[in-house]
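Notes follow the structure.
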Amino acid sequence: MAKKRKIDLDLLVDIALEVNEGDPIDFGRLSVGKQEAFKMIGASILEQFDKEEYTEEDKIILLSTITKLTVENFLLNTKLLAKEKDLEV
């Protein structure tokens, strides 16, 4: 019997899209749409982390993944903002 997910994929995607609202990311370059990209990644994340119980190793992996992605997002946004400033001159 398949385990029932505690977290709904559509809810996860809706919240992620809302948080993403202000990011200057051009999704036009992707071969998939914005909604599809968020659903694909969200499904993968849920598959890995939607569990009844977490081990300490799970928590470390989850937190280090969030940290890495947050730093990566910060750096990419900084580069995009710098590029926009160069274009304004």
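Residue names in the structure tokens use chain letters A, B, ... in the order shown, residue numbers from 1 in each chain, and ligand numbers from 1 in the order shown.
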Would you list the contacts of Asp14 (chain A) as an mmCIF file with N, CA and C atoms, in the first residue's frame, taking every protein, DNA or RNA residue within 10 Å and counting only C-alpha atoms, but skipping same-chain residues closer than 6 positions in sequence?
```cif
data_model
loop_
_atom_site.group_PDB
_atom_site.id
_atom_site.type_symbol
_atom_site.label_atom_id
_atom_site.label_comp_id
_atom_site.auth_asym_id
_atom_site.auth_seq_id
_atom_site.Cartn_x
_atom_site.Cartn_y
_atom_site.Cartn_z
ATOM 1 N N ASN A 20 8.463 33.017 -4.786
ATOM 2 C CA ASN A 20 9.288 33.331 -5.946
ATOM 3 C C ASN A 20 8.850 34.614 -6.659
ATOM 4 N N GLN A 35 5.310 26.770 -14.021
ATOM 5 C CA GLN A 35 4.477 25.899 -13.175
ATOM 6 C C GLN A 35 4.973 24.451 -13.244
ATOM 7 N N PHE A 38 8.263 24.021 -11.288
ATOM 8 C CA PHE A 38 8.034 23.975 -9.847
ATOM 9 C C PHE A 38 7.400 22.655 -9.430
ATOM 10 N N LYS A 39 6.466 22.126 -10.234
ATOM 11 C CA LYS A 39 5.835 20.850 -9.905
ATOM 12 C C LYS A 39 6.836 19.700 -9.976
#
```
Practice item. Mind checking which residues fall within 10 Å of Asp8 (chain A), counting only C-alpha atoms, ignoring those fewer than 6 positions away in the same chain, and posting them as a VMD selection string? Key: chain A and resid 42 to 43 46 50
